file query-v3.cif (mmCIF, C-alpha atoms)
data_model
loop_
_atom_site.label_atom_id
_atom_site.label_comp_id
_atom_site.auth_asym_id
_atom_site.auth_seq_id
_atom_site.Cartn_x
_atom_site.Cartn_y
_atom_site.Cartn_z
CA MET A 1 102.67 -5.70 -148.35
CA SER A 2 104.54 -3.44 -145.92
CA ARG A 3 102.75 -0.98 -143.66
CA ILE A 4 104.14 1.92 -145.69
CA SER A 5 102.92 0.38 -148.96
CA LYS A 6 99.49 -0.19 -147.40
CA ALA A 7 99.31 3.50 -146.45
CA PHE A 8 99.55 4.40 -150.15
CA HIS A 9 97.56 1.44 -151.53
CA ASN A 10 94.25 2.54 -153.11
CA THR A 11 94.36 5.72 -151.04
CA SER A 12 96.52 8.74 -150.32
CA ALA A 13 99.04 8.89 -147.50
CA PHE A 14 98.64 11.48 -144.75
CA ILE A 15 101.97 11.68 -142.94
CA GLY A 16 102.09 13.43 -139.58
CA TYR A 17 105.35 14.58 -137.97
CA LEU A 18 106.14 15.32 -134.33
CA THR A 19 109.43 15.56 -132.46
CA ALA A 20 109.85 12.70 -130.01
CA GLY A 21 110.48 13.95 -126.51
CA ALA A 22 108.63 17.19 -127.09
CA ALA A 23 105.70 14.91 -127.96
CA THR A 24 104.65 11.69 -126.22
CA ALA A 25 103.54 8.39 -127.71
CA SER A 26 99.96 9.42 -126.96
CA ASP A 27 100.48 12.69 -128.86
CA PHE A 28 101.58 10.71 -131.91
CA LEU A 29 98.64 8.34 -131.66
CA ALA A 30 96.23 11.28 -131.36
CA LEU A 31 97.21 12.26 -134.91
CA LEU A 32 95.47 9.13 -136.17
CA ASP A 33 92.13 10.71 -135.23
CA GLN A 34 92.84 13.39 -137.84
CA GLY A 35 93.35 10.82 -140.57
CA VAL A 36 97.12 10.37 -140.38
CA ASN A 37 98.16 6.92 -141.64
CA ILE A 38 101.96 7.26 -141.41
CA LEU A 39 103.63 8.63 -138.29
CA GLU A 40 106.92 10.45 -138.79
CA VAL A 41 108.87 10.34 -135.54
CA GLY A 42 111.54 13.01 -135.26
CA ILE A 43 114.79 12.27 -133.43
CA PRO A 44 115.98 15.48 -131.73
CA PHE A 45 119.27 17.02 -132.83
CA SER A 46 121.11 20.15 -131.70
CA ASP A 47 121.75 21.53 -135.19
CA PRO A 48 118.63 20.84 -137.30
CA VAL A 49 119.62 22.92 -140.32
CA ALA A 50 116.68 21.81 -142.50
CA ASP A 51 114.10 22.81 -139.90
CA GLY A 52 112.54 26.16 -139.17
CA PRO A 53 111.99 27.84 -135.78
CA ILE A 54 108.95 25.75 -134.79
CA ILE A 55 110.62 22.35 -135.07
CA GLN A 56 113.93 23.77 -133.81
CA LYS A 57 112.16 24.81 -130.61
CA ALA A 58 110.60 21.34 -130.24
CA MET A 59 114.02 19.74 -130.66
CA GLU A 60 115.52 22.07 -128.06
CA GLU A 61 112.73 21.12 -125.68
CA ALA A 62 113.37 17.40 -126.23
CA LEU A 63 117.13 17.79 -125.78
CA ALA A 64 116.56 19.74 -122.56
CA ARG A 65 114.83 16.59 -121.34
CA ASN A 66 117.92 14.59 -122.34
CA ILE A 67 116.03 12.58 -124.95
CA THR A 68 118.38 10.22 -126.81
CA PRO A 69 117.89 8.11 -129.95
CA GLU A 70 117.46 5.11 -127.64
CA ASP A 71 114.63 6.94 -125.86
CA VAL A 72 113.01 7.60 -129.23
CA LEU A 73 113.11 3.90 -130.04
CA GLU A 74 111.40 3.18 -126.73
CA MET A 75 108.65 5.56 -127.82
CA VAL A 76 108.42 3.80 -131.18
CA ARG A 77 108.06 0.51 -129.32
CA GLU A 78 105.23 1.98 -127.23
CA ILE A 79 103.44 3.29 -130.33
CA ARG A 80 103.84 -0.09 -132.04
CA ASN A 81 102.41 -1.89 -129.02
CA ARG A 82 99.32 0.31 -129.28
CA SER A 83 98.85 0.58 -133.06
CA ASP A 84 99.64 -1.06 -136.40
CA VAL A 85 100.17 2.35 -138.08
CA ALA A 86 103.20 2.78 -140.33
CA ILE A 87 106.11 4.48 -138.55
CA VAL A 88 108.96 6.37 -140.22
CA LEU A 89 111.90 7.77 -138.27
CA PHE A 90 113.07 11.25 -139.27
CA THR A 91 116.62 12.12 -138.29
CA TYR A 92 119.84 13.88 -139.10
CA PHE A 93 122.78 11.54 -139.55
CA ASN A 94 124.80 12.79 -136.58
CA PRO A 95 122.60 11.31 -133.80
CA ILE A 96 122.78 7.81 -135.32
CA GLN A 97 126.18 7.94 -137.03
CA LYS A 98 128.04 5.97 -134.37
CA ASP A 99 127.18 2.29 -134.82
CA PHE A 100 124.33 3.14 -137.21
CA PRO A 101 123.97 -0.51 -138.36
CA ILE A 102 123.15 -1.43 -134.76
CA PHE A 103 120.73 1.50 -134.51
CA LEU A 104 118.91 0.42 -137.67
CA HIS A 105 118.59 -3.11 -136.33
CA LYS A 106 117.16 -1.77 -133.07
CA ALA A 107 114.81 0.55 -134.97
CA LYS A 108 113.29 -2.36 -136.86
CA ALA A 109 113.00 -4.40 -133.66
CA ALA A 110 111.19 -1.49 -132.00
CA GLY A 111 108.61 -1.42 -134.78
CA ALA A 112 109.80 1.20 -137.27
CA ASP A 113 109.01 0.64 -140.94
CA GLY A 114 111.24 3.22 -142.58
CA ILE A 115 113.78 5.94 -141.94
CA LEU A 116 114.55 9.29 -143.53
CA VAL A 117 117.98 10.83 -142.90
CA ILE A 118 117.49 14.38 -144.06
CA ASP A 119 121.16 15.39 -144.45
CA LEU A 120 122.76 12.22 -145.84
CA PRO A 121 123.93 12.83 -149.44
CA ILE A 122 122.92 10.07 -151.81
CA GLU A 123 126.58 9.65 -152.84
CA GLU A 124 127.44 8.65 -149.27
CA ALA A 125 124.38 6.50 -148.61
CA SER A 126 125.32 3.12 -150.09
CA LEU A 127 126.33 1.40 -146.84
CA TYR A 128 123.43 3.02 -144.98
CA ARG A 129 120.99 1.82 -147.65
CA MET A 130 122.45 -1.69 -147.54
CA GLU A 131 121.93 -1.83 -143.77
CA CYS A 132 118.37 -0.52 -144.15
CA MET A 133 117.55 -3.23 -146.68
CA LYS A 134 119.21 -5.88 -144.51
CA ASN A 135 116.90 -4.86 -141.65
CA ASP A 136 113.77 -4.51 -143.81
CA LEU A 137 113.61 -0.75 -143.17
CA ASP A 138 112.53 1.42 -146.10
CA PRO A 139 115.25 4.02 -146.83
CA ILE A 140 113.36 7.19 -147.72
CA PHE A 141 115.14 10.02 -149.49
CA VAL A 142 114.32 13.67 -150.14
CA ILE A 143 114.05 15.44 -153.47
CA SER A 144 114.11 19.24 -153.56
CA PRO A 145 112.89 21.73 -156.18
CA SER A 146 116.49 22.17 -157.38
CA THR A 147 117.24 18.45 -157.81
CA PRO A 148 118.09 17.82 -161.50
CA PRO A 149 116.23 15.00 -163.32
CA SER A 150 119.33 12.79 -163.55
CA ARG A 151 119.78 13.00 -159.79
CA VAL A 152 116.07 12.27 -159.26
CA GLU A 153 116.61 8.97 -161.09
CA HIS A 154 119.59 8.12 -158.89
CA ILE A 155 117.70 8.94 -155.69
CA ALA A 156 114.64 6.98 -156.81
CA LYS A 157 116.76 3.87 -157.43
CA MET A 158 118.18 4.10 -153.91
CA ALA A 159 114.83 4.71 -152.20
CA LYS A 160 112.12 2.35 -151.06
CA GLY A 161 108.67 3.01 -149.61
CA PHE A 162 108.15 6.49 -151.02
CA LEU A 163 109.97 9.64 -152.08
CA TYR A 164 109.68 12.80 -150.01
CA TYR A 165 109.40 15.94 -152.14
CA ALA A 166 110.31 19.05 -150.15
CA CYS A 167 108.27 21.45 -152.24
CA GLN A 168 109.55 24.70 -150.70
CA LYS A 169 113.06 26.06 -150.72
CA GLY A 170 114.58 26.79 -147.33
CA THR A 171 113.57 25.24 -144.02
CA THR A 172 110.40 23.63 -142.71
CA GLY A 173 107.55 25.80 -141.46
CA PRO A 174 104.13 27.16 -142.47
CA ARG A 175 103.71 28.82 -145.88
CA GLU A 176 100.90 30.86 -147.39
CA GLY A 177 100.51 28.62 -150.41
CA LEU A 178 102.06 26.02 -152.67
CA PRO A 179 104.64 26.67 -155.41
CA GLU A 180 103.19 27.32 -158.85
CA ASP A 181 105.45 24.70 -160.41
CA LEU A 182 104.38 21.88 -158.05
CA ALA A 183 102.49 19.88 -160.69
CA ILE A 184 105.38 20.11 -163.16
CA LYS A 185 107.92 19.05 -160.53
CA ILE A 186 105.84 16.05 -159.43
CA LYS A 187 105.29 15.00 -163.05
CA THR A 188 109.05 15.11 -163.62
CA ILE A 189 109.62 12.85 -160.61
CA LYS A 190 106.85 10.41 -161.54
CA GLN A 191 108.23 10.02 -165.06
CA ARG A 192 111.33 8.52 -163.44
CA THR A 193 109.95 6.21 -160.76
CA ASP A 194 107.02 4.03 -159.76
CA LEU A 195 107.47 4.93 -156.09
CA PRO A 196 104.75 7.02 -154.45
CA VAL A 197 105.61 10.69 -153.94
CA ALA A 198 104.66 12.54 -150.76
CA VAL A 199 104.91 16.32 -150.58
CA GLY A 200 106.08 18.16 -147.48
CA PHE A 201 107.39 21.50 -146.15
CA GLY A 202 104.78 24.11 -145.29
CA ILE A 203 101.55 22.08 -145.50
CA SER A 204 99.06 23.49 -143.01
CA SER A 205 95.51 23.10 -144.34
CA ARG A 206 93.25 20.51 -145.93
CA GLU A 207 92.86 22.83 -148.92
CA MET A 208 96.61 22.65 -149.54
CA ALA A 209 96.48 18.88 -149.06
CA ARG A 210 93.68 18.51 -151.62
CA GLU A 211 95.69 20.53 -154.13
CA ILE A 212 98.74 18.33 -153.54
CA LEU A 213 96.73 15.13 -153.95
CA ARG A 214 95.68 16.17 -157.45
CA VAL A 215 99.24 15.41 -158.54
CA ALA A 216 100.99 13.48 -155.74
CA ASP A 217 100.32 10.38 -153.65
CA GLY A 218 100.56 11.83 -150.17
CA PHE A 219 101.37 14.86 -148.07
CA VAL A 220 103.30 15.60 -144.88
CA VAL A 221 102.22 17.88 -142.05
CA GLY A 222 104.92 18.78 -139.55
CA SER A 223 105.27 22.26 -138.05
CA HIS A 224 101.49 22.70 -137.96
CA PHE A 225 101.11 19.62 -135.74
CA VAL A 226 104.18 20.52 -133.66
CA GLN A 227 102.36 23.75 -132.76
CA GLY A 228 99.47 21.66 -131.47
CA LYS A 229 97.14 22.73 -134.27
CA LYS A 230 94.63 20.58 -136.12
CA MET A 231 94.06 20.42 -139.85
CA GLN A 232 91.21 22.67 -140.91
#

call {"tool": "encode", "arguments": {"input": "query-v3.cif", "output": "structure tokens"}}
result
Amino acid sequence: MSRISKAFHNTSAFIGYLTAGAATASDFLALLDQGVNILEVGIPFSDPVADGPIIQKAMEEALARNITPEDVLEMVREIRNRSDVAIVLFTYFNPIQKDFPIFLHKAKAAGADGILVIDLPIEEASLYRMECMKNDLDPIFVISPSTPPSRVEHIAKMAKGFLYYACQKGTTGPREGLPEDLAIKIKTIKQRTDLPVAVGFGISSREMAREILRVADGFVVGSHFVQGKKMQ
């Protein structure tokens, strides 16, 4: 069983995101003390269109330090040397587009278990997915509130590890509450796949997490952790 599968096996997954370069390997490992069992390691990019101001600022900070995808893999290697926690890379396609098969090979060698490319359309992902599978990296894909059921099925067939449901429209960042249609949306997804479903975008409290776990298999905390806050 893979590390990602273990994180969902007989329990719920608590996925914690930080931007590499703005955060250190020790910062990532500190999330484990809060119950995180999958680390989501963000690769900085200059045009992070899916991210809100908090993560944008973290990416700018990392880029100001000249952090490259290769540097991020070095951090993954350090985390892996210190922990057996599941590690998922989070990236836009641009930073890895050149020679991405080589990057995926290096990512696996560094200790990554999966990768999520937030802006890669499923229609253009066949070669990428093939390279992920060749390197035993779980290709994780995102489903949004506006994704039609037929497309959910297509995405689910391409994915491995888990599906990431971005429950809020717009960019990442804290929200006051969860969408009223969350349970219906998750049910629609689960009717079409056996993969676990993790919910992200705007999760900032344990109360929100508990509500999510009534219907989903895991949750993702990003901007809240990037701000240096703990789950209350």

call {"tool": "resolve_selection", "arguments": {"input": "query-v3.cif", "expression": "the PyMOL selection byres ((chain A and resi 191-200) around 6)", "output": "NGL selection string"}}
result
:A and (153 or 162-166 or 188-190 or 201 or 216-220)

call {"tool": "axis_aligned_box", "arguments": {"input": "query-v3.cif", "around": "stretch 13-21 of chain A", "padding_each_side": "5 Å", "output": "AutoDock Vina command-line options"}}
result
--center_x 104.6 --center_y 12.2 --center_z -137.0 --size_x 21.8 --size_y 16.7 --size_z 31.0

call {"tool": "residues_near_point", "arguments": {"input": "query-v3.cif", "point": "(104.4, 16.1, -124.8)", "cutoff": "12 Å", "atoms": "only C-alpha atoms", "output": "list in words"}}
result
Leu18, Thr19, Ala20, Gly21, Ala22, Ala23, Thr24, Ala25, Ser26, Asp27, Phe28, Leu29, Ala30, Ala58, Met59, Glu61, Ala62, Arg65, Met75, Phe225, Val226, Gln227 and Gly228 of chain A

call {"tool": "write_last_selection", "arguments": {"input": "query-v3.cif", "atoms": "C-alpha atoms", "output": "CSV table (one decimal), in the coordinates of the input"}}
result
chain,number,residue,atom,x,y,z
A,18,LEU,CA,106.1,15.3,-134.3
A,19,THR,CA,109.4,15.6,-132.5
A,20,ALA,CA,109.8,12.7,-130.0
A,21,GLY,CA,110.5,14.0,-126.5
A,22,ALA,CA,108.6,17.2,-127.1
A,23,ALA,CA,105.7,14.9,-128.0
A,24,THR,CA,104.6,11.7,-126.2
A,25,ALA,CA,103.5,8.4,-127.7
A,26,SER,CA,100.0,9.4,-127.0
A,27,ASP,CA,100.5,12.7,-128.9
A,28,PHE,CA,101.6,10.7,-131.9
A,29,LEU,CA,98.6,8.3,-131.7
A,30,ALA,CA,96.2,11.3,-131.4
A,58,ALA,CA,110.6,21.3,-130.2
A,59,MET,CA,114.0,19.7,-130.7
A,61,GLU,CA,112.7,21.1,-125.7
A,62,ALA,CA,113.4,17.4,-126.2
A,65,ARG,CA,114.8,16.6,-121.3
A,75,MET,CA,108.6,5.6,-127.8
A,225,PHE,CA,101.1,19.6,-135.7
A,226,VAL,CA,104.2,20.5,-133.7
A,227,GLN,CA,102.4,23.8,-132.8
A,228,GLY,CA,99.5,21.7,-131.5

call {"tool": "residues_near_point", "arguments": {"input": "query-v3.cif", "point": "(103.5, 2.0, -128.9)", "cutoff": "12 Å", "atoms": "all atoms listed in the file", "output": "list in words"}}
result
Thr24, Ala25, Ser26, Asp27, Phe28, Leu29, Leu39, Val41, Val72, Leu73, Glu74, Met75, Val76, Arg77, Glu78, Ile79, Arg80, Asn81, Arg82, Ser83, Asp84, Val85, Ala86, Ile87, Ala110, Gly111 and Ala112 of chain A

call {"tool": "resolve_selection", "arguments": {"input": "query-v3.cif", "expression": "the PyMOL selection byres ((chain A and resi 128) around 10)", "output": "list in words"}}
result
Gln97, Phe100, Pro101, Leu104, Val117, Leu120, Ile122, Glu124, Ala125, Ser126, Leu127, Arg129, Met130, Glu131, Cys132, Met133, Lys134 and Pro139 of chain A

call {"tool": "residues_around", "arguments": {"input": "query-v3.cif", "residues": "A:Met208", "least_positions_apart": "5", "cutoff": "10 Å", "atoms": "only C-alpha atoms", "output": "VMD selection string"}}
result
chain A and resid 176 to 178 202 to 203 213 219

call {"tool": "atom_distance", "arguments": {"input": "query-v3.cif", "atom1": "atom CA of A:Val142", "atom2": "atom CA of A:Glu207"}}
result
23.4 Å

call {"tool": "resolve_selection", "arguments": {"input": "query-v3.cif", "expression": "the PyMOL selection byres ((chain A and resi 180) around 12)", "output": "MDAnalysis selection string"}}
result
chainID A and resid 145 167:168 177:179 181:186 211:212
